[in-house]
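Here is the file input15.json (JSON, C-alpha atoms).
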```
[["chain", "number", "residue", "atom", "x", "y", "z"],
["A", 261, "MET", "CA", -3.71, 1.01, 7.77],
["A", 262, "LEU", "CA", -1.32, 3.10, 9.84],
["A", 263, "THR", "CA", 1.91, 1.51, 8.60],
["A", 264, "GLU", "CA", 2.73, 1.31, 4.94],
["A", 265, "PRO", "CA", 2.03, -2.05, 3.28],
["A", 266, "ARG", "CA", 4.87, -4.46, 2.67],
["A", 267, "SER", "CA", 3.80, -4.60, -0.98],
["A", 268, "GLY", "CA", 4.40, -0.85, -1.19],
["A", 269, "ARG", "CA", 7.94, -1.09, 0.09],
["A", 270, "LEU", "CA", 8.75, -4.04, -2.15],
["A", 271, "ALA", "CA", 7.31, -2.35, -5.23],
["A", 272, "ALA", "CA", 8.89, 1.04, -4.55],
["A", 273, "TRP", "CA", 12.40, -0.23, -3.91],
["A", 274, "GLY", "CA", 12.07, -2.98, -6.49],
["A", 275, "ASN", "CA", 11.25, -0.33, -9.09],
["A", 276, "ALA", "CA", 14.29, 1.68, -8.06],
["A", 277, "LEU", "CA", 16.43, -1.44, -8.43],
["A", 278, "LEU", "CA", 14.97, -2.28, -11.84],
["A", 279, "ALA", "CA", 15.71, 1.28, -12.96],
["A", 280, "GLY", "CA", 19.33, 0.96, -11.81],
["A", 281, "ILE", "CA", 18.98, 3.76, -9.25],
["A", 282, "VAL", "CA", 19.81, 1.72, -6.13],
["A", 283, "SER", "CA", 21.91, -1.36, -5.44],
["A", 284, "PRO", "CA", 20.38, -4.79, -4.73],
["A", 285, "ASP", "CA", 21.54, -4.65, -1.11],
["A", 286, "ASP", "CA", 20.00, -1.23, -0.52],
["A", 287, "ALA", "CA", 16.74, -2.23, -2.21],
["A", 288, "VAL", "CA", 16.36, -5.41, -0.16],
["A", 289, "LEU", "CA", 17.29, -3.69, 3.11],
["A", 290, "ALA", "CA", 14.62, -1.03, 2.55],
["A", 291, "ALA", "CA", 11.99, -3.52, 1.37],
["A", 292, "VAL", "CA", 12.47, -5.77, 4.42],
["A", 293, "GLY", "CA", 12.28, -2.83, 6.81],
["A", 294, "GLU", "CA", 11.81, -3.95, 10.42],
["A", 295, "ASP", "CA", 10.97, -7.55, 9.49],
["A", 296, "ALA", "CA", 13.51, -10.27, 10.19],
["A", 297, "VAL", "CA", 13.69, -11.69, 6.68],
["A", 298, "HIS", "CA", 11.83, -11.85, 3.38],
["A", 299, "ARG", "CA", 12.02, -14.88, 1.10],
["A", 300, "VAL", "CA", 10.32, -15.88, -2.16],
["A", 301, "ALA", "CA", 8.62, -19.17, -3.04],
["A", 302, "GLY", "CA", 7.38, -20.45, -6.39],
["A", 303, "LEU", "CA", 9.92, -18.54, -8.45],
["A", 304, "PRO", "CA", 10.27, -20.05, -11.94],
["A", 305, "GLY", "CA", 13.48, -22.05, -12.17],
["A", 306, "GLU", "CA", 13.75, -22.54, -8.40],
["A", 307, "SER", "CA", 12.47, -25.61, -6.57],
["A", 308, "GLY", "CA", 12.52, -24.08, -3.10],
["A", 309, "VAL", "CA", 12.41, -20.80, -1.22],
["A", 310, "VAL", "CA", 15.08, -18.24, -2.15],
["A", 311, "GLY", "CA", 16.29, -14.94, -0.79],
["A", 312, "LEU", "CA", 14.80, -11.64, -1.91],
["A", 313, "THR", "CA", 18.01, -10.46, -3.58],
["A", 314, "LEU", "CA", 18.18, -13.53, -5.80],
["A", 315, "ALA", "CA", 14.44, -13.34, -6.49],
["A", 316, "LEU", "CA", 14.52, -9.74, -7.69],
["A", 317, "GLY", "CA", 17.43, -10.50, -9.98],
["A", 318, "ARG", "CA", 15.68, -13.57, -11.36],
["A", 319, "LEU", "CA", 12.46, -11.63, -11.98],
["A", 320, "ARG", "CA", 14.41, -9.04, -13.94],
["A", 321, "ALA", "CA", 15.99, -11.82, -16.00],
["A", 322, "LEU", "CA", 12.50, -13.21, -16.66],
["A", 323, "GLY", "CA", 11.47, -9.91, -18.22],
["A", 324, "VAL", "CA", 9.95, -7.99, -15.31],
["A", 325, "THR", "CA", 10.28, -4.25, -15.97],
["A", 326, "GLY", "CA", 8.19, -2.82, -13.14],
["A", 327, "LEU", "CA", 6.21, -3.60, -10.00],
["A", 328, "ARG", "CA", 2.71, -2.41, -9.19],
["A", 329, "VAL", "CA", 0.84, -2.55, -5.87],
["A", 330, "ALA", "CA", -2.63, -3.98, -5.28],
["A", 331, "LEU", "CA", -4.54, -3.27, -2.06],
["A", 332, "PRO", "CA", -7.84, -5.13, -2.46],
["A", 333, "ALA", "CA", -10.68, -5.25, 0.04],
["A", 334, "PRO", "CA", -13.98, -7.18, 0.00],
["A", 335, "GLY", "CA", -16.02, -5.91, -2.93],
["A", 336, "HIS", "CA", -13.13, -3.77, -4.20],
["A", 337, "PRO", "CA", -10.40, -5.61, -6.19],
["A", 338, "LEU", "CA", -8.15, -2.53, -6.23],
["A", 339, "GLY", "CA", -5.10, -3.05, -8.44],
["A", 340, "LEU", "CA", -5.94, -6.62, -9.44],
["A", 341, "SER", "CA", -6.49, -8.03, -12.92],
["A", 342, "GLY", "CA", -6.98, -11.77, -12.26],
["A", 343, "PRO", "CA", -7.05, -14.70, -12.51],
["A", 344, "PRO", "CA", -9.49, -15.58, -9.69],
["A", 345, "ASP", "CA", -6.96, -17.67, -7.75],
["A", 346, "PHE", "CA", -4.47, -14.83, -7.54],
["A", 347, "ASN", "CA", -7.21, -12.33, -6.70],
["A", 348, "ALA", "CA", -8.45, -14.56, -3.88],
["A", 349, "ARG", "CA", -4.95, -14.95, -2.41],
["A", 350, "ALA", "CA", -4.33, -11.21, -2.66],
["A", 351, "LEU", "CA", -7.69, -10.41, -1.05],
["A", 352, "ALA", "CA", -6.95, -12.76, 1.85],
["A", 353, "ALA", "CA", -3.59, -11.03, 2.39],
["A", 354, "GLY", "CA", -5.00, -7.55, 1.79],
["A", 355, "GLU", "CA", -2.18, -6.74, -0.61],
["A", 356, "ALA", "CA", -0.04, -8.00, -3.48],
["A", 357, "VAL", "CA", 2.64, -6.95, -5.96],
["A", 358, "VAL", "CA", 1.87, -7.33, -9.67],
["A", 359, "CYS", "CA", 4.74, -7.44, -12.16],
["A", 360, "THR", "CA", 4.80, -5.67, -15.51],
["A", 361, "GLY", "CA", 6.72, -7.11, -18.45],
["A", 362, "ALA", "CA", 6.07, -10.68, -17.28],
["A", 363, "ALA", "CA", 2.83, -12.21, -15.99],
["A", 364, "PHE", "CA", 3.74, -12.79, -12.35],
["A", 365, "GLY", "CA", 2.35, -11.59, -9.06],
["A", 366, "LEU", "CA", 3.61, -11.90, -5.49],
["A", 367, "VAL", "CA", 1.42, -12.36, -2.42],
["A", 368, "PRO", "CA", 2.92, -12.13, 1.09],
["A", 369, "GLU", "CA", 2.51, -14.75, 3.79],
["A", 370, "VAL", "CA", 3.46, -13.25, 7.15],
["A", 371, "SER", "CA", 4.43, -15.29, 10.22],
["A", 372, "GLU", "CA", 5.59, -14.28, 13.69],
["A", 373, "ALA", "CA", 7.81, -16.15, 16.13],
["A", 374, "GLY", "CA", 9.39, -15.44, 19.49],
["A", 375, "PRO", "CA", 8.28, -14.33, 22.95],
["A", 376, "ALA", "CA", 6.29, -11.17, 23.64],
["A", 377, "GLY", "CA", 8.52, -8.14, 23.28],
["A", 378, "ASP", "CA", 10.94, -9.98, 21.01],
["A", 379, "VAL", "CA", 8.75, -11.07, 18.12],
["A", 380, "HIS", "CA", 10.47, -11.75, 14.79],
["A", 381, "VAL", "CA", 8.42, -11.29, 11.63],
["A", 382, "GLU", "CA", 9.20, -13.40, 8.59],
["A", 383, "VAL", "CA", 7.61, -12.96, 5.18],
["A", 384, "VAL", "CA", 7.39, -15.41, 2.30],
["A", 385, "TRP", "CA", 6.30, -13.93, -1.02],
["A", 386, "HIS", "CA", 4.48, -16.51, -3.15],
["A", 387, "VAL", "CA", 4.91, -16.08, -6.90],
["A", 388, "LEU", "CA", 1.75, -16.83, -8.87],
["A", 389, "PRO", "CA", 0.63, -16.31, -12.48],
["A", 390, "VAL", "CA", -1.43, -13.20, -13.21],
["A", 391, "ARG", "CA", -3.52, -12.01, -16.11],
["A", 392, "GLU", "CA", -1.95, -9.29, -18.24],
["A", 393, "ALA", "CA", -4.68, -6.66, -18.16],
["A", 394, "PRO", "CA", -5.16, -3.13, -16.79],
["A", 395, "PRO", "CA", -5.38, -3.12, -12.98],
["A", 396, "ALA", "CA", -8.78, -2.45, -11.46],
["A", 397, "ASP", "CA", -9.83, 1.03, -10.28],
["A", 398, "VAL", "CA", -6.40, 2.70, -10.03],
["A", 399, "PRO", "CA", -6.58, 6.50, -10.40],
["A", 400, "SER", "CA", -3.93, 8.84, -11.70],
["A", 401, "LEU", "CA", -1.86, 10.79, -9.19],
["A", 402, "GLY", "CA", -3.78, 13.95, -9.98],
["A", 403, "GLU", "CA", -7.13, 12.25, -9.49],
["A", 404, "ALA", "CA", -5.95, 10.68, -6.24],
["A", 405, "GLU", "CA", -4.75, 14.00, -4.85],
["A", 406, "ARG", "CA", -8.03, 15.75, -5.62],
["A", 407, "GLU", "CA", -10.08, 12.89, -4.18],
["A", 408, "LEU", "CA", -8.00, 12.83, -0.98],
["A", 409, "ALA", "CA", -8.41, 16.54, -0.31],
["A", 410, "GLU", "CA", -12.18, 16.25, -0.69],
["A", 411, "ALA", "CA", -12.34, 13.05, 1.39],
["A", 412, "LEU", "CA", -10.39, 14.66, 4.22],
["A", 413, "ARG", "CA", -12.78, 17.62, 4.36],
["A", 414, "GLU", "CA", -15.89, 15.46, 4.19],
["A", 415, "ALA", "CA", -14.69, 12.99, 6.82],
["A", 416, "THR", "CA", -13.69, 15.72, 9.25],
["A", 417, "GLU", "CA", -17.05, 17.44, 8.88],
["A", 418, "VAL", "CA", -19.09, 14.26, 9.31],
["A", 419, "LEU", "CA", -17.07, 12.91, 12.24],
["A", 420, "SER", "CA", -17.16, 16.27, 14.01],
["A", 421, "ARG", "CA", -20.92, 16.44, 13.59],
["A", 422, "LEU", "CA", -21.29, 12.95, 15.05],
["A", 423, "ASP", "CA", -18.88, 13.80, 17.90],
["A", 424, "VAL", "CA", -16.57, 10.93, 16.98],
["A", 425, "ALA", "CA", -13.21, 10.82, 18.75],
["A", 426, "GLY", "CA", -11.35, 10.68, 15.44],
["A", 427, "SER", "CA", -11.91, 14.41, 14.96],
["A", 428, "GLY", "CA", -10.60, 17.42, 16.81],
["A", 429, "PRO", "CA", -7.45, 17.75, 18.98],
["A", 430, "VAL", "CA", -6.92, 13.98, 19.38],
["A", 431, "ALA", "CA", -6.77, 13.50, 15.63],
["A", 432, "ALA", "CA", -4.54, 16.56, 15.17],
["A", 433, "ALA", "CA", -2.05, 15.26, 17.74],
["A", 434, "ALA", "CA", -2.02, 11.80, 16.16],
["A", 435, "ILE", "CA", -1.45, 13.26, 12.70],
["A", 436, "ASP", "CA", 1.45, 15.36, 14.03],
["A", 437, "ALA", "CA", 2.97, 12.20, 15.54],
["A", 438, "TYR", "CA", 2.48, 10.39, 12.22],
["A", 439, "ARG", "CA", 4.35, 13.13, 10.36],
["A", 440, "ALA", "CA", 7.19, 13.13, 12.90],
["A", 441, "ARG", "CA", 7.55, 9.36, 12.63],
["A", 442, "ALA", "CA", 7.56, 9.55, 8.84],
["A", 443, "GLU", "CA", 10.31, 12.18, 8.90],
["A", 444, "ARG", "CA", 12.35, 10.16, 11.40],
["A", 445, "ASP", "CA", 12.04, 6.91, 9.47],
["A", 446, "GLY", "CA", 12.80, 8.53, 6.13],
["A", 447, "GLU", "CA", 10.93, 8.32, 2.88],
["A", 448, "VAL", "CA", 8.90, 5.21, 2.16],
["A", 449, "LEU", "CA", 9.03, 5.87, -1.56],
["A", 450, "ALA", "CA", 12.35, 5.05, -3.16],
["A", 451, "PRO", "CA", 14.53, 7.32, -5.31],
["A", 452, "GLY", "CA", 13.08, 7.90, -8.76],
["A", 453, "TYR", "CA", 9.53, 8.64, -7.64],
["A", 454, "PRO", "CA", 8.07, 12.08, -8.43],
["A", 455, "PRO", "CA", 7.58, 14.50, -5.51],
["A", 456, "ARG", "CA", 3.84, 14.46, -6.14],
["A", 457, "ALA", "CA", 3.73, 10.73, -5.40],
["A", 458, "ALA", "CA", 5.36, 11.29, -2.00],
["A", 459, "ARG", "CA", 2.87, 14.07, -1.30],
["A", 460, "VAL", "CA", -0.09, 11.87, -2.22],
["A", 461, "LEU", "CA", 1.23, 8.98, -0.10],
["A", 462, "GLU", "CA", 1.68, 11.25, 2.93],
["A", 463, "LEU", "CA", -1.84, 12.66, 2.59],
["A", 464, "ALA", "CA", -3.26, 9.15, 2.15],
["A", 465, "GLY", "CA", -1.56, 8.19, 5.42],
["A", 466, "ARG", "CA", -3.18, 11.12, 7.19],
["A", 467, "VAL", "CA", -6.62, 10.22, 5.84],
["A", 468, "GLY", "CA", -6.15, 6.56, 6.75],
["A", 469, "LEU", "CA", -5.06, 7.57, 10.24],
["A", 470, "LEU", "CA", -8.18, 9.67, 10.72],
["A", 471, "VAL", "CA", -10.35, 6.71, 9.73],
["A", 472, "SER", "CA", -8.47, 4.36, 12.07],
["A", 473, "LEU", "CA", -8.78, 6.77, 15.00],
["A", 474, "ALA", "CA", -12.52, 7.00, 14.48],
["A", 475, "GLN", "CA", -12.84, 3.22, 14.32],
["A", 476, "GLU", "CA", -10.61, 2.48, 17.31],
["A", 477, "ARG", "CA", -11.87, 5.07, 19.79],
["A", 478, "GLY", "CA", -15.44, 3.96, 20.17],
["A", 479, "HIS", "CA", -18.66, 5.58, 19.11],
["A", 480, "GLY", "CA", -18.13, 8.97, 20.72],
["A", 481, "GLY", "CA", -21.42, 10.82, 20.71],
["A", 482, "ALA", "CA", -22.86, 8.59, 17.98],
["A", 483, "VAL", "CA", -25.02, 6.63, 20.40],
["A", 484, "SER", "CA", -28.00, 5.88, 18.19],
["A", 485, "ALA", "CA", -28.09, 3.15, 15.60],
["A", 486, "SER", "CA", -28.74, 5.68, 12.85],
["A", 487, "GLU", "CA", -25.74, 7.81, 13.90],
["A", 488, "MET", "CA", -23.45, 4.79, 14.02],
["A", 489, "ALA", "CA", -24.69, 3.75, 10.58],
["A", 490, "SER", "CA", -24.01, 7.27, 9.31],
["A", 491, "ARG", "CA", -20.47, 7.13, 10.63],
["A", 492, "THR", "CA", -19.84, 3.74, 8.99],
["A", 493, "GLU", "CA", -21.18, 5.01, 5.69],
["A", 494, "ALA", "CA", -19.03, 8.14, 5.98],
["A", 495, "LEU", "CA", -15.86, 6.17, 6.69],
["A", 496, "ARG", "CA", -16.23, 3.52, 4.00],
["A", 497, "PRO", "CA", -15.67, 5.76, 0.95],
["A", 498, "VAL", "CA", -12.95, 7.70, 2.76],
["A", 499, "GLU", "CA", -11.00, 4.52, 3.51],
["A", 500, "ARG", "CA", -11.50, 3.43, -0.10],
["A", 501, "THR", "CA", -10.17, 6.77, -1.34],
["A", 502, "ALA", "CA", -7.07, 6.47, 0.84],
["A", 503, "ARG", "CA", -6.32, 2.97, -0.47],
["A", 504, "ARG", "CA", -6.76, 4.09, -4.08],
["A", 505, "ALA", "CA", -4.37, 6.97, -3.48],
["A", 506, "ARG", "CA", -1.73, 4.70, -1.96],
["A", 507, "VAL", "CA", -1.86, 2.45, -5.00],
["A", 508, "ALA", "CA", -1.65, 5.45, -7.35],
["A", 509, "ALA", "CA", 1.44, 6.73, -5.53],
["A", 510, "TYR", "CA", 3.30, 3.41, -5.52],
["A", 511, "ASN", "CA", 2.40, 2.70, -9.15],
["A", 512, "SER", "CA", 3.20, 6.17, -10.47],
["A", 513, "VAL", "CA", 6.68, 5.42, -11.85],
["A", 514, "VAL", "CA", 5.37, 2.43, -13.80],
["A", 515, "GLU", "CA", 2.41, 4.43, -15.11],
["A", 516, "GLU", "CA", 4.67, 7.31, -16.20],
["A", 517, "ARG", "CA", 7.05, 4.97, -17.98],
["A", 518, "GLU", "CA", 4.22, 3.23, -19.82],
["A", 519, "ARG", "CA", 2.70, 6.56, -20.89],
["A", 520, "GLY", "CA", 6.09, 7.59, -22.27],
["A", 521, "MET", "CA", 6.29, 4.42, -24.36],
["A", 522, "ARG", "CA", 2.93, 4.95, -26.08]]
```

Spit out the file's structure as structure tokens when you get a sec.
Amino acid sequence: MLTEPRSGRLAAWGNALLAGIVSPDDAVLAAVGEDAVHRVAGLPGESGVVGLTLALGRLRALGVTGLRVALPAPGHPLGLSGPPDFNARALAAGEAVVCTGAAFGLVPEVSEAGPAGDVHVEVVWHVLPVREAPPADVPSLGEAERELAEALREATEVLSRLDVAGSGPVAAAAIDAYRARAERDGEVLAPGYPPRAARVLELAGRVGLLVSLAQERGHGGAVSASEMASRTEALRPVERTARRARVAAYNSVVEERERGMR
């Protein structure tokens, strides 16, 4: 995942809005990003689809105090707590936002329209009931940072040994470009997040980029079936670690607030 998930932007800027740090207009503008429009369907008290600004205000009135991110993958329900219907919708989308303070979750439905070169992306967030329970397999920021550092070392060593194109100068150049783009586009995390969360999210992006490069650029020198299997096995836990770290970063303000209330 080379671009940050829409659920991450919505949760980050939604949390800043709920905390009173940013205005509704600023939060929605940042959450929508380069998409044409985001709307919300299934919101309690509304019969149709409504705008994101109204939806965030309504969720706050319904008792929502925070937004968490879920980035599930087959066999790994990361950030989810049920019920099965919501988990299945989130898995199909590859992401979701889970509310705290009220038992709601939001799953994005993304559609594209327009000719090549002028494609407009529209997103409808579907509000569904969720189970109020601890999210699955979400590490702390400290755990995520340690895991990422180790995963980056292990992946680089394994991919270099297998002569995969995701290692070496190509990867270094791509990571430099990723950093430059991140600096140009500004912070993905909203005001109110701890600096460590931004650091973890940036490192997770680098690790995810390394995995994507290795997957997209062919088998390199890994020409035998056993070498290709070794590469797949090496990449799977690294990708999993990067997703866990992203979730930890986006959820950090909610986790800190809940720890402070205990």

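Ranking A:Tyr453, A:Arg519, A:Ala411, A:Tyr510 by their shortest atom-to-atom distance to Gly468 in chain A, with all atoms listed in the file included, puts A:Ala411 first.
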
Legend entry - Residues near Asp397 in chain A, cut-off 9 Å, only C-alpha atoms, skip fewer than 5 positions along chain, as a PyMOL selection string: chain A and resi 336-340+504

Inset, instruction - Rank nothing, just name the residue among A:Ser283, A:Ser371, A:Thr416, A:Ser400 nearest to Ala457 in chain A, using all atoms listed in the file. - result: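 Going through A:Ser283, A:Ser371, A:Thr416, A:Ser400 one by one, the smallest distance to Ala457 in chain A is for A:Ser400.
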
Legend entry - Separation of CA of Ala450 in chain A from CA of Leu327 in chain A, in Å and rounded to one decimal: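 Separating CA of Ala450 in chain A from CA of Leu327 in chain A is a distance of 12.6 Å.
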
Inset, instruction - Calculate how many Å separate CA of Glu405 in chain A from CA of Ala505 in chain A, rounding to one decimal. - result: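 We find that CA of Glu405 in chain A and CA of Ala505 in chain A lie 7.2 Å from each other.
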
All heavy atoms for range 300-311 of chain A, written as a PDB file, in the frame of the given file, could you do that?
```pdb
ATOM      1  N   VAL A 300      11.237 -15.745  -1.034  1.00  0.00           N
ATOM      2  CA  VAL A 300      10.320 -15.880  -2.160  1.00  0.00           C
ATOM      3  C   VAL A 300      10.174 -17.347  -2.522  1.00  0.00           C
ATOM      4  O   VAL A 300      11.166 -18.062  -2.669  1.00  0.00           O
ATOM      5  CB  VAL A 300      10.818 -15.070  -3.381  1.00  0.00           C
ATOM      6  CG1 VAL A 300       9.860 -15.206  -4.558  1.00  0.00           C
ATOM      7  CG2 VAL A 300      10.977 -13.592  -3.003  1.00  0.00           C
ATOM      8  N   ALA A 301       8.921 -17.785  -2.677  1.00  0.00           N
ATOM      9  CA  ALA A 301       8.620 -19.170  -3.040  1.00  0.00           C
ATOM     10  C   ALA A 301       7.880 -19.205  -4.368  1.00  0.00           C
ATOM     11  O   ALA A 301       7.160 -18.269  -4.721  1.00  0.00           O
ATOM     12  CB  ALA A 301       7.756 -19.824  -1.963  1.00  0.00           C
ATOM     13  N   GLY A 302       8.074 -20.292  -5.120  1.00  0.00           N
ATOM     14  CA  GLY A 302       7.380 -20.450  -6.390  1.00  0.00           C
ATOM     15  C   GLY A 302       8.009 -19.717  -7.547  1.00  0.00           C
ATOM     16  O   GLY A 302       7.390 -19.573  -8.605  1.00  0.00           O
ATOM     17  N   LEU A 303       9.233 -19.268  -7.387  1.00  0.00           N
ATOM     18  CA  LEU A 303       9.920 -18.540  -8.450  1.00  0.00           C
ATOM     19  C   LEU A 303      10.270 -19.503  -9.583  1.00  0.00           C
ATOM     20  O   LEU A 303      10.843 -20.571  -9.342  1.00  0.00           O
ATOM     21  CB  LEU A 303      11.190 -17.906  -7.898  1.00  0.00           C
ATOM     22  CG  LEU A 303      11.921 -16.887  -8.764  1.00  0.00           C
ATOM     23  CD1 LEU A 303      11.079 -15.631  -8.947  1.00  0.00           C
ATOM     24  CD2 LEU A 303      13.261 -16.530  -8.121  1.00  0.00           C
ATOM     25  N   PRO A 304       9.922 -19.173 -10.821  1.00  0.00           N
ATOM     26  CA  PRO A 304      10.270 -20.050 -11.940  1.00  0.00           C
ATOM     27  C   PRO A 304      11.772 -20.359 -11.978  1.00  0.00           C
ATOM     28  O   PRO A 304      12.608 -19.470 -11.833  1.00  0.00           O
ATOM     29  CB  PRO A 304       9.844 -19.241 -13.165  1.00  0.00           C
ATOM     30  CG  PRO A 304       8.733 -18.384 -12.665  1.00  0.00           C
ATOM     31  CD  PRO A 304       9.123 -18.012 -11.266  1.00  0.00           C
ATOM     32  N   GLY A 305      12.082 -21.636 -12.124  1.00  0.00           N
ATOM     33  CA  GLY A 305      13.480 -22.050 -12.170  1.00  0.00           C
ATOM     34  C   GLY A 305      14.058 -22.406 -10.821  1.00  0.00           C
ATOM     35  O   GLY A 305      15.202 -22.868 -10.739  1.00  0.00           O
ATOM     36  N   GLU A 306      13.292 -22.211  -9.746  1.00  0.00           N
ATOM     37  CA  GLU A 306      13.750 -22.540  -8.400  1.00  0.00           C
ATOM     38  C   GLU A 306      12.787 -23.533  -7.758  1.00  0.00           C
ATOM     39  O   GLU A 306      11.577 -23.334  -7.780  1.00  0.00           O
ATOM     40  CB  GLU A 306      13.857 -21.282  -7.534  1.00  0.00           C
ATOM     41  CG  GLU A 306      14.863 -20.268  -8.020  1.00  0.00           C
ATOM     42  CD  GLU A 306      16.297 -20.739  -7.843  1.00  0.00           C
ATOM     43  OE1 GLU A 306      16.516 -21.649  -7.008  1.00  0.00           O
ATOM     44  OE2 GLU A 306      17.190 -20.202  -8.522  1.00  0.00           O
ATOM     45  N   SER A 307      13.319 -24.585  -7.167  1.00  0.00           N
ATOM     46  CA  SER A 307      12.470 -25.610  -6.570  1.00  0.00           C
ATOM     47  C   SER A 307      12.073 -25.284  -5.131  1.00  0.00           C
ATOM     48  O   SER A 307      11.118 -25.844  -4.608  1.00  0.00           O
ATOM     49  CB  SER A 307      13.173 -26.967  -6.603  1.00  0.00           C
ATOM     50  OG  SER A 307      14.410 -26.900  -5.910  1.00  0.00           O
ATOM     51  N   GLY A 308      12.800 -24.385  -4.493  1.00  0.00           N
ATOM     52  CA  GLY A 308      12.520 -24.080  -3.100  1.00  0.00           C
ATOM     53  C   GLY A 308      12.378 -22.587  -2.869  1.00  0.00           C
ATOM     54  O   GLY A 308      12.173 -21.793  -3.793  1.00  0.00           O
ATOM     55  N   VAL A 309      12.510 -22.207  -1.608  1.00  0.00           N
ATOM     56  CA  VAL A 309      12.410 -20.800  -1.220  1.00  0.00           C
ATOM     57  C   VAL A 309      13.779 -20.150  -1.359  1.00  0.00           C
ATOM     58  O   VAL A 309      14.803 -20.730  -0.982  1.00  0.00           O
ATOM     59  CB  VAL A 309      11.910 -20.698   0.237  1.00  0.00           C
ATOM     60  CG1 VAL A 309      11.837 -19.250   0.681  1.00  0.00           C
ATOM     61  CG2 VAL A 309      10.536 -21.347   0.377  1.00  0.00           C
ATOM     62  N   VAL A 310      13.812 -18.940  -1.919  1.00  0.00           N
ATOM     63  CA  VAL A 310      15.080 -18.240  -2.150  1.00  0.00           C
ATOM     64  C   VAL A 310      15.040 -16.873  -1.491  1.00  0.00           C
ATOM     65  O   VAL A 310      13.979 -16.362  -1.119  1.00  0.00           O
ATOM     66  CB  VAL A 310      15.379 -18.092  -3.655  1.00  0.00           C
ATOM     67  CG1 VAL A 310      15.437 -19.448  -4.330  1.00  0.00           C
ATOM     68  CG2 VAL A 310      14.345 -17.194  -4.335  1.00  0.00           C
ATOM     69  N   GLY A 311      16.198 -16.265  -1.363  1.00  0.00           N
ATOM     70  CA  GLY A 311      16.290 -14.940  -0.790  1.00  0.00           C
ATOM     71  C   GLY A 311      15.737 -13.866  -1.713  1.00  0.00           C
ATOM     72  O   GLY A 311      15.621 -14.058  -2.928  1.00  0.00           O
TER      73      GLY A 311
END
```
